[in-house]
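The next block holds one structure in the form of C-alpha cells; read it before the comments.
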Amino acid sequence: MERLPTEGLSPQGLLRATIEKLRELAPRLRGAYLDVGSGNGELIDQVMRAFPVQISACDYRDDLMTVSGVTVDVVDLNTDALPYADASFDAITCTEVIEHLEDFRAALREISR
C-alpha cells in the first residue's frame, strides 16, 4: 500500500491528495465506496462529484454530515465492528481517524475485511 506524503499537508491538501489517489484507481472505482470517519462529508462530496459510486459513511457521531442525502452509520471503532459484510466495498478511505484510535491495528484489520 502506498502512503500519501505527510509533509506540508493541510486538511485541504490531504483532501486533494486523497482524490488524486482515488483518480489513479478510477478504473476499479465503481460500485460501493465507504468513507470511515466521514465528519462533515467534505471528502464524500468530492468523491460523489468525481466517481460513479454508491456512498456509505460511518463515524462516531452522525450530526456532523452536511452532504444532502448521505446517511452516517454511527460506529465507535474503539469498541464496535463495522456494520457491513466482508468485502462490501470497492474502495475505502479513512483520513484523519487512525491517530485518534486506541488500537489502530485492530481498526485497520476491521476496515480491511
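As shown in the C-alpha cells, the chain order sets the letters A, B, ...; within each chain, residues go from 1, and ligands are also counted from 1 in the order they appear.
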9 Å contact set for Val53 of chain A, only C-alpha atoms, chain neighbours under 4 positions out, as a VMD selection string: chain A and resid 29 to 33 47 to 48 90
Prev. selection, N, CA and C atoms, output as a compact mmCIF listing (two decimals), in the first residue's frame:
```txt
# COMPACT_ATOMS: atom_id res chain seq x y z
N LEU A 29 -12.70 1.91 -9.54
CA LEU A 29 -13.57 2.60 -8.60
C LEU A 29 -14.97 2.75 -9.17
N ARG A 30 -15.73 1.71 -9.02
CA ARG A 30 -17.14 1.66 -9.41
C ARG A 30 -17.85 0.92 -8.28
N GLY A 31 -19.11 1.14 -8.17
CA GLY A 31 -19.85 0.37 -7.17
C GLY A 31 -19.84 1.01 -5.81
N ALA A 32 -19.40 0.29 -4.81
CA ALA A 32 -19.55 0.71 -3.41
C ALA A 32 -18.28 1.36 -2.86
N TYR A 33 -18.48 2.50 -2.19
CA TYR A 33 -17.40 3.27 -1.59
C TYR A 33 -17.77 3.60 -0.15
N VAL A 47 -15.86 12.96 -3.78
CA VAL A 47 -15.94 11.64 -4.40
C VAL A 47 -17.23 11.52 -5.23
N MET A 48 -18.34 12.00 -4.69
CA MET A 48 -19.61 11.94 -5.41
C MET A 48 -19.55 12.70 -6.73
N ASP A 90 -15.63 -1.43 -2.90
CA ASP A 90 -14.59 -1.38 -3.92
C ASP A 90 -13.47 -0.44 -3.51
```
Output as a PyMOL selection string all residues of segment 11-102 of chain A that backbone DSSP marks as helix (DSSP H, G or I). chain A and resi 11-24+26-28+42-50+98-100
Could the residues in this selection be saved with C-alpha atoms as a PDB file, in the first residue's frame?
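As a result, result_30.pdb now contains:
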```pdb
ATOM      1  CA  PRO A  11      -6.650  19.352   5.615  1.00  0.00           C
ATOM      2  CA  GLN A  12      -7.339  20.747   2.114  1.00  0.00           C
ATOM      3  CA  GLY A  13      -4.051  19.316   0.852  1.00  0.00           C
ATOM      4  CA  LEU A  14      -4.919  15.930   2.292  1.00  0.00           C
ATOM      5  CA  LEU A  15      -8.312  16.097   0.595  1.00  0.00           C
ATOM      6  CA  ARG A  16      -6.683  16.889  -2.766  1.00  0.00           C
ATOM      7  CA  ALA A  17      -4.092  14.135  -2.334  1.00  0.00           C
ATOM      8  CA  THR A  18      -6.785  11.605  -1.461  1.00  0.00           C
ATOM      9  CA  ILE A  19      -8.862  12.497  -4.524  1.00  0.00           C
ATOM     10  CA  GLU A  20      -5.736  12.258  -6.715  1.00  0.00           C
ATOM     11  CA  LYS A  21      -5.016   8.788  -5.336  1.00  0.00           C
ATOM     12  CA  LEU A  22      -8.607   7.737  -5.961  1.00  0.00           C
ATOM     13  CA  ARG A  23      -8.333   9.035  -9.550  1.00  0.00           C
ATOM     14  CA  GLU A  24      -5.349   6.710 -10.049  1.00  0.00           C
ATOM     15  CA  ALA A  26     -10.585   5.142 -11.154  1.00  0.00           C
ATOM     16  CA  PRO A  27     -10.805   2.127 -13.491  1.00  0.00           C
ATOM     17  CA  ARG A  28     -11.549  -0.025 -10.432  1.00  0.00           C
ATOM     18  CA  GLU A  42     -16.204  17.099   2.557  1.00  0.00           C
ATOM     19  CA  LEU A  43     -14.372  14.129   1.043  1.00  0.00           C
ATOM     20  CA  ILE A  44     -17.625  12.343   0.242  1.00  0.00           C
ATOM     21  CA  ASP A  45     -18.848  15.420  -1.616  1.00  0.00           C
ATOM     22  CA  GLN A  46     -15.707  15.391  -3.788  1.00  0.00           C
ATOM     23  CA  VAL A  47     -15.945  11.639  -4.402  1.00  0.00           C
ATOM     24  CA  MET A  48     -19.612  11.941  -5.409  1.00  0.00           C
ATOM     25  CA  ARG A  49     -18.669  14.582  -7.983  1.00  0.00           C
ATOM     26  CA  ALA A  50     -15.798  12.557  -9.432  1.00  0.00           C
ATOM     27  CA  ILE A  98      -6.391   6.366  12.789  1.00  0.00           C
ATOM     28  CA  GLU A  99      -4.376   8.639  15.073  1.00  0.00           C
ATOM     29  CA  HIS A 100      -7.413   9.017  17.358  1.00  0.00           C
TER      30      HIS A 100
END
```
Enumerate as a short mmCIF file (atom, residue, chain, number, x, y, z; two decimals) with C-alpha atoms, in the first residue's frame all residues of segment 39-70 of chain A assigned to strand (DSSP E or B) by DSSP on the backbone, naming them with the chain letters and numbers the document uses.
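Result file out_18.cif:
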```cif
data_model
loop_
_atom_site.label_atom_id
_atom_site.label_comp_id
_atom_site.auth_asym_id
_atom_site.auth_seq_id
_atom_site.Cartn_x
_atom_site.Cartn_y
_atom_site.Cartn_z
CA VAL A 53 -20.06 5.11 -6.74
CA GLN A 54 -22.64 4.19 -4.13
CA ILE A 55 -21.68 6.14 -0.99
CA SER A 56 -21.58 4.76 2.54
CA ALA A 57 -20.33 6.74 5.52
CA CYS A 58 -19.53 5.95 9.12
CA ASP A 59 -18.27 7.99 12.04
#
```
Need to verify the contact set: Ala85 of chain A, 12 Å, only C-alpha atoms, exclusion of same-chain residues closer than 2 positions in sequence. Can you return it as a PDB file with N, CA and C atoms, in the first residue's frame?
```
ATOM      1  N   ALA A  81     -17.547  -3.289  15.684  1.00  0.00           N
ATOM      2  CA  ALA A  81     -17.234  -3.732  14.327  1.00  0.00           C
ATOM      3  C   ALA A  81     -18.002  -2.851  13.349  1.00  0.00           C
ATOM      4  N   LEU A  82     -17.489  -2.735  12.153  1.00  0.00           N
ATOM      5  CA  LEU A  82     -18.220  -2.011  11.116  1.00  0.00           C
ATOM      6  C   LEU A  82     -19.474  -2.802  10.756  1.00  0.00           C
ATOM      7  N   PRO A  83     -20.595  -2.128  10.530  1.00  0.00           N
ATOM      8  CA  PRO A  83     -21.854  -2.827  10.274  1.00  0.00           C
ATOM      9  C   PRO A  83     -22.048  -3.231   8.808  1.00  0.00           C
ATOM     10  N   ALA A  87     -15.882  -7.667   2.497  1.00  0.00           N
ATOM     11  CA  ALA A  87     -15.665  -7.373   1.073  1.00  0.00           C
ATOM     12  C   ALA A  87     -16.843  -6.632   0.440  1.00  0.00           C
ATOM     13  N   SER A  88     -17.430  -5.700   1.186  1.00  0.00           N
ATOM     14  CA  SER A  88     -18.596  -4.953   0.699  1.00  0.00           C
ATOM     15  C   SER A  88     -18.248  -3.774  -0.191  1.00  0.00           C
ATOM     16  N   PHE A  89     -16.983  -3.321  -0.159  1.00  0.00           N
ATOM     17  CA  PHE A  89     -16.648  -2.058  -0.813  1.00  0.00           C
ATOM     18  C   PHE A  89     -15.529  -2.220  -1.826  1.00  0.00           C
ATOM     19  N   GLU A 110     -10.177  -4.403  10.877  1.00  0.00           N
ATOM     20  CA  GLU A 110     -11.628  -4.344  10.697  1.00  0.00           C
ATOM     21  C   GLU A 110     -11.989  -3.652   9.384  1.00  0.00           C
ATOM     22  N   ILE A 111     -11.330  -2.552   9.091  1.00  0.00           N
ATOM     23  CA  ILE A 111     -11.601  -1.808   7.859  1.00  0.00           C
ATOM     24  C   ILE A 111     -11.252  -2.642   6.629  1.00  0.00           C
ATOM     25  N   SER A 112     -10.191  -3.407   6.696  1.00  0.00           N
ATOM     26  CA  SER A 112      -9.720  -4.140   5.513  1.00  0.00           C
ATOM     27  C   SER A 112     -10.470  -5.440   5.242  1.00  0.00           C
ATOM     28  N   ARG A 113     -11.319  -5.859   6.149  1.00  0.00           N
ATOM     29  CA  ARG A 113     -12.014  -7.142   5.924  1.00  0.00           C
ATOM     30  C   ARG A 113     -13.059  -6.997   4.843  1.00  0.00           C
TER      31      ARG A 113
END
```
Kindly give the distance, in Å, that separates atom CA of Thr66 of chain A and atom CA of Ser38 of chain A, rounded to a single decimal.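 Taking atom CA of Thr66 of chain A as the start and atom CA of Ser38 of chain A as the end point, the length is 10.2 Å.
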